[in-house]
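Reading through the structure tokens given below for one structure.
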There are 2 protein chains.
Amino acid sequence: MRLPPGVSAGDFSAAIKELESAIGKEWVFTSDEDVNLYRDSYSPFWHENQEPIPSAAFAPDSVEQVQAVVRIANRYKIPLWTISTGKNLGYGGSAPLLNGSAVLDLKRMNRVLEVNDKNHYALVEPGVSYFDLYRHIRDRDLPVWIDPPDPGWGSPMGNALERGGGYTPMRDHFDAHCGMEVVLPDGELVRTGMGALPTAKTWQQYRYGFGPYMDGMFSQSNLGVVTKMGFWLQPQPDAYLSGSVTVPKHDDLTPLVEIFANLMNSGVVQATTTVVSPLAYSRDPELVKLRASGSTRDLEDYAGQKGIGYWSVSLPLYGPEKVIAAQWEYAKQKFSAAIPGATFRDGASYKFPLTEEQLTKIVNPVPFGVPSLQTFSIGGPKSQGHMWFSPIIPMTGEAVIEAQSVFDKVAQSLGYVTGTTGFPIWNFFARAFVIIYFFPIEHDIEKNRRSREIFRRLIKTAAEHGWGEYRTHTAFMGDIMDAYSFNNHSLLRFHETVKDALDPNGILSAGKNGIWPKSMRKAGA
Amino acid sequence: MRLPPGVSAGDFSAAIKELESAIGKEWVFTSDEDVNLYRDSYSPFWHENQEPIPSAAFAPDSVEQVQAVVRIANRYKIPLWTISTGKNLGYGGSAPLLNGSAVLDLKRMNRVLEVNDKNHYALVEPGVSYFDLYRHIRDRDLPVWIDPPDPGWGSPMGNALERGGGYTPMRDHFDAHCGMEVVLPDGELVRTGMGALPTAKTWQQYRYGFGPYMDGMFSQSNLGVVTKMGFWLQPQPDAYLSGSVTVPKHDDLTPLVEIFANLMNSGVVQATTTVVSPLAYSRDPELVKLRASGSTRDLEDYAGQKGIGYWSVSLPLYGPEKVIAAQWEYAKQKFSAAIPGATFRDGASYKFPLTEEQLTKIVNPVPFGVPSLQTFSIGGPKSQGHMWFSPIIPMTGEAVIEAQSVFDKVAQSLGYVTGTTGFPIWNFFARAFVIIYFFPIEHDIEKNRRSREIFRRLIKTAAEHGWGEYRTHTAFMGDIMDAYSFNNHSLLRFHETVKDALDPNGILSAGKNGIWPKSMRKAGA
């Protein structure tokens with residue numbers, strides 16, 4: 001039996017007995033065979049000593065059982081690492097950051113507690129997956145949409161708490177939440193927002209409640225175990241239309257992004273898309289050569305000859321048919337007026353609900369509120385796994401060009417080859433772009449070491465340019481928090497004060513996003 | 001010289017000396033004449049002993065000075081009450097909750113630090129008013145809108161921190177904020193979100209930063225003094241169109257609100273409006289009689305004869321001309337299909353920017369991003385002041401009817417006459433309604449006492465029905481927090497734990513929204 005750090009074999013055995021009596025013997029896992037299932041299958045420490053390995057896993061089925069686990073963990077000072085469905089792949093999966101932590105696995109708590117199709121919300125438990133919620137809604141034929149991220153086996157709650165993004169107008173998953181129930185580190189149960197009113201009728205309709213609005217502190221955090229969470233859903237739209245805009249010159253990116261930002265910030269476009277260069281991915285040898293050594297002018301000429309454009313963005317529009325048609329017309333006018341040579345192409349268009357037949361023909365149904373695992377067959381280069389480097393950059397053409405050039409240089413200087421203009425630029429969140437940079441994980445210790453080195457170099461380089469990551473793999477949480485260093489790390493010190501007050505024994509998710517409990521603070525950092 | 005509670009005359013004099021040296025003698029106010037200006041001019045305790053009176057006021061001009069004031073207050077345990085422009089009228093104005101608190105007045109910090117018209121945001125200090133920000137933008141002819149609340153002399157930061165609402169698509173003022181700088185109770189300075197990254201370029205573009213998202217805990221709270229705050233602005237829309245929908249029968253409210261909620265939650269309608277009954281306000285004697293004693297049928301007949309309808313809602317639409325025209329057409333179709341006898345009327349329509357001439361003709365320019373004080377001449381019954389009872393209720397017709405009937409009964413049983421169907425129902429926030437119930441403040445002790453009694457009765461009655469207030473006058477903060485009592489007031493106890501950790505001397509805004517520092521907790525409650 002593995003032991004959590006600082007816990008004696010005798011204490012751990014006693015704790016395990018209490019846990020078995022609290023949540024049932026079959027839901028307390030201590031054998032290597034069981035516990036290994038919680039290791040990160042995409043660990044950047046494959047076959048290295050630094051890989052954090054859990055000591056045990058506990059899978060309660062109710063709020064009361066979560067409270068019991070937390071109270072026992074406090075008594076024996078057992079560090080817990082909370083997961084919902086454990087599918088946070090690319091960011092650590094179900095594995096803890098601190099070696100020997102016990103995984104608090106909430107996947108058995110998988111009840112859809114309510115779906116309301118008049119006020120358009122859902123209330124779910126942590127173990128509910130996007131597939132579960134989708135099926136619940138579909139079985140009842142309710143005219144509301146969920147907003148899945150790329151792979152649909154994850155948890156809406158887990159994804160929102162990690163501040164993940166999707167594709168429809170409800171794409172900012174934390175922003176779309178409304179109301180939480182939380183087990184605090186001492187086992188006490190709170191409800192936030194209107195949930196603090198015992199007979200509340202608006203827990204999933206009004207977010208803030210009365211007094212300080214505390215929900216945000218439970219996101220990307222180790223200050224509580226969220227056991228219920230509400231989400232706003234989108235009423236099923238009537239129709240969808242996508243149109244793409246292509247511009248011929250390198251410098252057209254500036255007006256392209258400026259108009260795009262205006263359309264987004266005005267609410268004319270409300271969903272996720274990417275700004276890409278059609279020049280980035282083709283394997284045409286001439287283009288490969290031009291990307292490596294050619295001038296911007298050469299690339300523009302190539303784009304002109306091939307009729308593919310230098311930059312392109314597609315606009316996904318959801319809503320009443322005539323409204324989205326007018327939005328697309330308006331967008332075309334705006335781009336045409338500002339960018340000579342801009343060209344437009346109508347893309348897919350659908351009416352909802354989709355028929356079964358339509359659905360089977362759509363390769364990636366995620367933008368239509370349908371969870372899928374397609375992303376695993378269509379994404380990225382071949383590898384045994386991956387992790388994501390994901391900095392936030394300003395929504396301007398200048399920032400995109402600067403970021404691409406800066407990140408390219410770092411990658412190339414370390415022997416990584418990326419295409420110029422090759423990073424997809426996403427708008428998962430309002431008002432800013434995020435670059436989602438794919439790092440392969442290999443079954444190759446040397447390659448993984450080099451990847452980690454590059455990753456750390458990128459964090460530093462990004463910080464020097466004023467770009468910070470929105471989320472990261474457990475392996476880099478400390479590095480990234482370290483970059484958020486304004487006023488001698490005052491925000492981190494503030495987090496630590498709050499952590500010490502709420503979790504004096506430091507039992508919840510030690511080290512998460514750089515925040516360590518007092519007893520481990522020096523060693524952790 | 002008045003003294004703060006628990007502070008000796010000698011200590012207070014010593015503190016005043018230190019404060020004078022830190023922020024300048026002329027910005028430390030202790031004379032009754034000066035300090036009385038901070039009393040609540042709408043106090044429900046007019047000429048009663050319970051009115052809280054400040055002991056002093058300090059008006060720093062910079063972040064460093066705020067830090068100095070907070071540090072001195074800690075040394076001498078002087079309770080501070082923070083205000084920005086001090087215009088929180090109806091909710092306590094610039095007066096503290098705790099008698100003898102010193103007002104920390106931030107109105108000298110009135111710099112507009114940045115307005116960006118490409119990514120559409122502003123960064124401001126606490127003392128900037130809506131008028132200041134509007135003039136700054138107008139002087140530079142920038143194509144962005146602010147979102148003022150009814151009176152424009154208040155502070156965008158103060159209003160957002162109190163979670164106030166406006167009229168345009170950016171109407172949820174706390175939700176529209178992005179990034180804060182905060183002086184903590186111990187004088188330490190933090191920046192939240194991307195502001196924690198020293199060279200951040202996206203402080204006003206991406207809200208969450210990395211790790212726990214702490215901004216919400218500084219709203220409606222006494223956990224810090226916010227010294228800078230970012231806001232998302234709306235790009236100036238091309239046009240505005242309003243259309244009103246009127247329905248003939250009492251029970252039509254259910255489908256009316258259901259379709260309204262669908263349009264709101266779909267993003268087809270994005271701004272603030274009210275659901276009203278045209279039967280509520282007329283003084284026609286026949287109608288007055290019918291309201292008092294008539295049946296729903298009688299009122300329907302009256303509405304039919306007069307051609308005024310039973311319920312009405314107008315839809316404010318902002319955006320490209322053809323888009324908003326299509327949205328209005330779509331809305332009309334939806335209401336027509338569901339509600340026999342629904343009628344429609346085109347309302348005001350504008351193109352932006354408005355000319356000076358147009359602007360002078362518009363009685364209330366607030367929905368067009370133009371701050372105003374018109375509300376003081378057009379609002380409510382005659383009185384010497386007012387306060388607001390403002391519960392959140394579900395966005396359903398049934399809830400509106402239930403709430404109106406329940407609140408009517410309480411008011412009538414206490415001798416208040418309100419019209420049936422007479423409370424305006426607002427959608428200042430996504431997904432829920434808020435009732436804004438006007439309470440007059442009179443220069444009459446007995447009347448004010450009765451108003452306070454009714455107010456407290458309404459809080460209790462609302463809580464029994466699952467409706468809670470979103471914000472309140474200092475006089476009722478404890479009563480309302482008391483209603484948010486789930487699990488033996490666990491959320492309040494959680495707030496208290498955080499308060500004690502961050503503000504052990506209890507110097508910031510004691511009692512705000514029911515949260516008292518440890519030393520005053522028993523006495524305060």
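Residues are referred to by chain and number: the chain letter is A, B, ... according to the order shown in the structure tokens, the number counts from 1 in that chain, and ligands are numbered separately from 1 in the order shown.
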Hey, what's within 7 Å of range 497-510 of chain A if we count only C-alpha atoms and toss same-chain stuff fewer than 5 positions away? As a PDB file with C-alpha atoms, in the first residue's frame, please?
```pdb
ATOM      1  CA  ALA A  73      -9.042  13.458   5.685  1.00  0.00           C
ATOM      2  CA  ASN A  74      -8.805  16.407   8.087  1.00  0.00           C
ATOM      3  CA  LYS A  77      -4.190  15.015   7.389  1.00  0.00           C
ATOM      4  CA  ILE A  78      -4.558  13.041   4.164  1.00  0.00           C
ATOM      5  CA  PRO A  79      -4.045  15.195   1.059  1.00  0.00           C
ATOM      6  CA  LEU A  80      -6.937  14.786  -1.375  1.00  0.00           C
ATOM      7  CA  TRP A  81      -6.982  15.606  -5.096  1.00  0.00           C
ATOM      8  CA  THR A  82     -10.514  16.197  -6.375  1.00  0.00           C
ATOM      9  CA  LEU A  98       1.358  16.095  -5.239  1.00  0.00           C
ATOM     10  CA  PRO A 185     -12.330  22.027   3.477  1.00  0.00           C
ATOM     11  CA  ASP A 186     -13.708  21.556   7.008  1.00  0.00           C
ATOM     12  CA  ASN A 222      -8.302  24.086  -3.992  1.00  0.00           C
ATOM     13  CA  LEU A 223     -10.691  25.869  -1.634  1.00  0.00           C
ATOM     14  CA  ILE A 515      -1.182  27.325  -4.199  1.00  0.00           C
ATOM     15  CA  TRP A 516       0.282  25.173  -1.427  1.00  0.00           C
ATOM     16  CA  PRO A 517      -0.960  24.717   2.115  1.00  0.00           C
ATOM     17  CA  LYS A 518       1.188  26.280   4.804  1.00  0.00           C
TER      18      LYS A 518
ATOM     19  CA  THR B 497     -14.034  33.165   8.232  1.00  0.00           C
ATOM     20  CA  VAL B 498     -12.688  34.956   5.170  1.00  0.00           C
ATOM     21  CA  ALA B 501      -8.459  36.090   7.884  1.00  0.00           C
TER      22      ALA B 501
END
```
Those in range 116-253 of chain B with strand (DSSP E) from DSSP, as a ChimeraX atom specification
/B:116,121-124,144-145,177-183,189-191,225-232,234-235,239-247
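Remark: for chain B, the closest of the candidate residues A:Ser485, A:Thr30, A:Thr343, A:Ser94 is A:Ser485 (distances computed over only C-alpha atoms).
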Within 8 Å of range 124-140 of chain A using only C-alpha atoms, minus same-chain residues under 2 positions, as number ranges by chain
A: 84-85, 106-115, 122, 142, 144, 146, 148, 152-158, 226-230, 370-372
List as a VMD selection string the protein and nucleic acid residues near Phe438 in chain A, meaning an atom at most 8 Å away when only C-alpha atoms are counted, but skip any in the same chain fewer than 2 places from it.
chain A and resid 380 386 to 389 436 440
Separating CA of Gly165 in chain B from CA of Phe429 in chain B, to the nearest tenth of an Å, is a gap of 7.2 Å
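Proximity to chain A was assessed for B:Lys332, B:Arg449, B:Arg71, B:Lys201 counting only C-alpha atoms; the smallest distance is recorded for B:Lys201.
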Neighbours of Val257 in chain B within 9 Å (only C-alpha atoms; same-chain residues fewer than 3 positions away dropped), as an mmCIF file with all heavy atoms, in the first residue's frame?
```
data_model
loop_
_atom_site.group_PDB
_atom_site.id
_atom_site.type_symbol
_atom_site.label_atom_id
_atom_site.label_comp_id
_atom_site.auth_asym_id
_atom_site.auth_seq_id
_atom_site.Cartn_x
_atom_site.Cartn_y
_atom_site.Cartn_z
ATOM 1 N N ASP B 252 -52.588 35.698 -20.398
ATOM 2 C CA ASP B 252 -51.599 35.809 -21.487
ATOM 3 C C ASP B 252 -50.205 36.097 -20.955
ATOM 4 O O ASP B 252 -49.220 35.986 -21.682
ATOM 5 C CB ASP B 252 -51.982 36.944 -22.456
ATOM 6 C CG ASP B 252 -53.221 36.620 -23.272
ATOM 7 O OD1 ASP B 252 -53.551 35.422 -23.400
ATOM 8 O OD2 ASP B 252 -53.859 37.569 -23.770
ATOM 9 N N LEU B 253 -50.107 36.471 -19.683
ATOM 10 C CA LEU B 253 -48.788 36.796 -19.140
ATOM 11 C C LEU B 253 -47.844 35.587 -19.210
ATOM 12 O O LEU B 253 -46.637 35.755 -19.453
ATOM 13 C CB LEU B 253 -48.906 37.289 -17.690
ATOM 14 C CG LEU B 253 -47.605 37.846 -17.104
ATOM 15 C CD1 LEU B 253 -47.136 39.077 -17.857
ATOM 16 C CD2 LEU B 253 -47.749 38.168 -15.618
ATOM 17 N N THR B 254 -48.413 34.404 -19.023
ATOM 18 C CA THR B 254 -47.550 33.213 -19.030
ATOM 19 C C THR B 254 -46.851 33.015 -20.379
ATOM 20 O O THR B 254 -45.622 32.972 -20.434
ATOM 21 C CB THR B 254 -48.360 31.973 -18.600
ATOM 22 O OG1 THR B 254 -48.836 32.215 -17.278
ATOM 23 C CG2 THR B 254 -47.501 30.720 -18.608
ATOM 24 N N PHE B 260 -40.738 35.898 -24.181
ATOM 25 C CA PHE B 260 -39.766 36.937 -23.836
ATOM 26 C C PHE B 260 -38.471 36.297 -23.322
ATOM 27 O O PHE B 260 -37.367 36.655 -23.749
ATOM 28 C CB PHE B 260 -40.379 37.872 -22.784
ATOM 29 C CG PHE B 260 -39.448 38.930 -22.294
ATOM 30 C CD1 PHE B 260 -39.093 39.998 -23.102
ATOM 31 C CD2 PHE B 260 -38.906 38.857 -21.019
ATOM 32 C CE1 PHE B 260 -38.225 40.982 -22.645
ATOM 33 C CE2 PHE B 260 -38.036 39.828 -20.554
ATOM 34 C CZ PHE B 260 -37.696 40.893 -21.372
ATOM 35 N N ALA B 261 -38.612 35.328 -22.403
ATOM 36 C CA ALA B 261 -37.430 34.654 -21.843
ATOM 37 C C ALA B 261 -36.651 33.941 -22.944
ATOM 38 O O ALA B 261 -35.412 33.963 -22.981
ATOM 39 C CB ALA B 261 -37.844 33.663 -20.761
ATOM 40 N N ASN B 262 -37.380 33.324 -23.874
ATOM 41 C CA ASN B 262 -36.707 32.635 -24.969
ATOM 42 C C ASN B 262 -35.923 33.626 -25.834
ATOM 43 O O ASN B 262 -34.760 33.367 -26.198
ATOM 44 C CB ASN B 262 -37.739 31.876 -25.807
ATOM 45 C CG ASN B 262 -37.079 30.924 -26.778
ATOM 46 O OD1 ASN B 262 -36.359 31.360 -27.673
ATOM 47 N ND2 ASN B 262 -37.291 29.628 -26.601
ATOM 48 N N VAL B 275 -41.813 44.499 -17.875
ATOM 49 C CA VAL B 275 -43.139 43.967 -18.162
ATOM 50 C C VAL B 275 -44.109 44.791 -17.318
ATOM 51 O O VAL B 275 -43.927 44.887 -16.102
ATOM 52 C CB VAL B 275 -43.222 42.484 -17.760
ATOM 53 C CG1 VAL B 275 -44.634 41.960 -17.959
ATOM 54 C CG2 VAL B 275 -42.205 41.670 -18.552
ATOM 55 N N MET B 395 -38.205 34.357 -13.938
ATOM 56 C CA MET B 395 -38.708 34.954 -15.172
ATOM 57 C C MET B 395 -39.829 34.078 -15.756
ATOM 58 O O MET B 395 -39.667 33.449 -16.807
ATOM 59 C CB MET B 395 -37.554 35.133 -16.173
ATOM 60 C CG MET B 395 -37.890 36.104 -17.296
ATOM 61 S SD MET B 395 -36.508 36.361 -18.448
ATOM 62 C CE MET B 395 -35.614 37.672 -17.640
ATOM 63 N N THR B 396 -40.964 34.043 -15.008
ATOM 64 C CA THR B 396 -42.160 33.347 -15.497
ATOM 65 C C THR B 396 -43.379 34.210 -15.173
ATOM 66 O O THR B 396 -43.368 34.983 -14.200
ATOM 67 C CB THR B 396 -42.372 31.972 -14.801
ATOM 68 O OG1 THR B 396 -42.604 32.197 -13.399
ATOM 69 C CG2 THR B 396 -41.180 31.055 -14.988
ATOM 70 N N GLY B 397 -44.428 34.044 -15.981
ATOM 71 C CA GLY B 397 -45.660 34.781 -15.735
ATOM 72 C C GLY B 397 -46.262 34.416 -14.387
ATOM 73 O O GLY B 397 -46.745 35.277 -13.642
#
```
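The shell of residues at most 10 Å from Pro316 in chain B, with only C-alpha atoms counted and near chain neighbours (fewer than 5 positions) removed, consists of Tyr167, Thr168, Pro169, Tyr240, Leu241, Ser242, Gly243, Ser244, Val269, Gln270, Ala271, Thr272, Thr273, Ile324, Trp328, Gly347, Ala348, Ser349 and Pro367 of chain B.
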Same residues, C-alpha atoms, output as a PDB file, in the first residue's frame:
```
ATOM      1  CA  TYR B 167     -30.250  49.490 -20.001  1.00  0.00           C
ATOM      2  CA  THR B 168     -28.059  48.545 -22.952  1.00  0.00           C
ATOM      3  CA  PRO B 169     -26.647  45.075 -23.724  1.00  0.00           C
ATOM      4  CA  TYR B 240     -31.873  51.221 -32.305  1.00  0.00           C
ATOM      5  CA  LEU B 241     -35.426  50.059 -32.685  1.00  0.00           C
ATOM      6  CA  SER B 242     -38.018  49.471 -30.036  1.00  0.00           C
ATOM      7  CA  GLY B 243     -41.262  47.635 -30.541  1.00  0.00           C
ATOM      8  CA  SER B 244     -43.982  46.927 -28.030  1.00  0.00           C
ATOM      9  CA  VAL B 269     -33.148  40.650 -27.328  1.00  0.00           C
ATOM     10  CA  GLN B 270     -30.183  41.780 -25.225  1.00  0.00           C
ATOM     11  CA  ALA B 271     -31.229  44.824 -23.242  1.00  0.00           C
ATOM     12  CA  THR B 272     -33.311  45.995 -20.295  1.00  0.00           C
ATOM     13  CA  THR B 273     -37.044  46.457 -20.400  1.00  0.00           C
ATOM     14  CA  ILE B 324     -32.714  44.534 -35.629  1.00  0.00           C
ATOM     15  CA  TRP B 328     -38.426  42.559 -34.423  1.00  0.00           C
ATOM     16  CA  GLY B 347     -41.673  52.553 -31.125  1.00  0.00           C
ATOM     17  CA  ALA B 348     -38.698  54.852 -31.317  1.00  0.00           C
ATOM     18  CA  SER B 349     -35.983  54.206 -33.880  1.00  0.00           C
ATOM     19  CA  PRO B 367     -30.761  53.732 -22.896  1.00  0.00           C
TER      20      PRO B 367
END
```
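Proximity to chain B was assessed for A:Glu286, A:Asp301, A:Asp40, A:Asp117 counting only C-alpha atoms; the smallest distance is recorded for A:Asp117.
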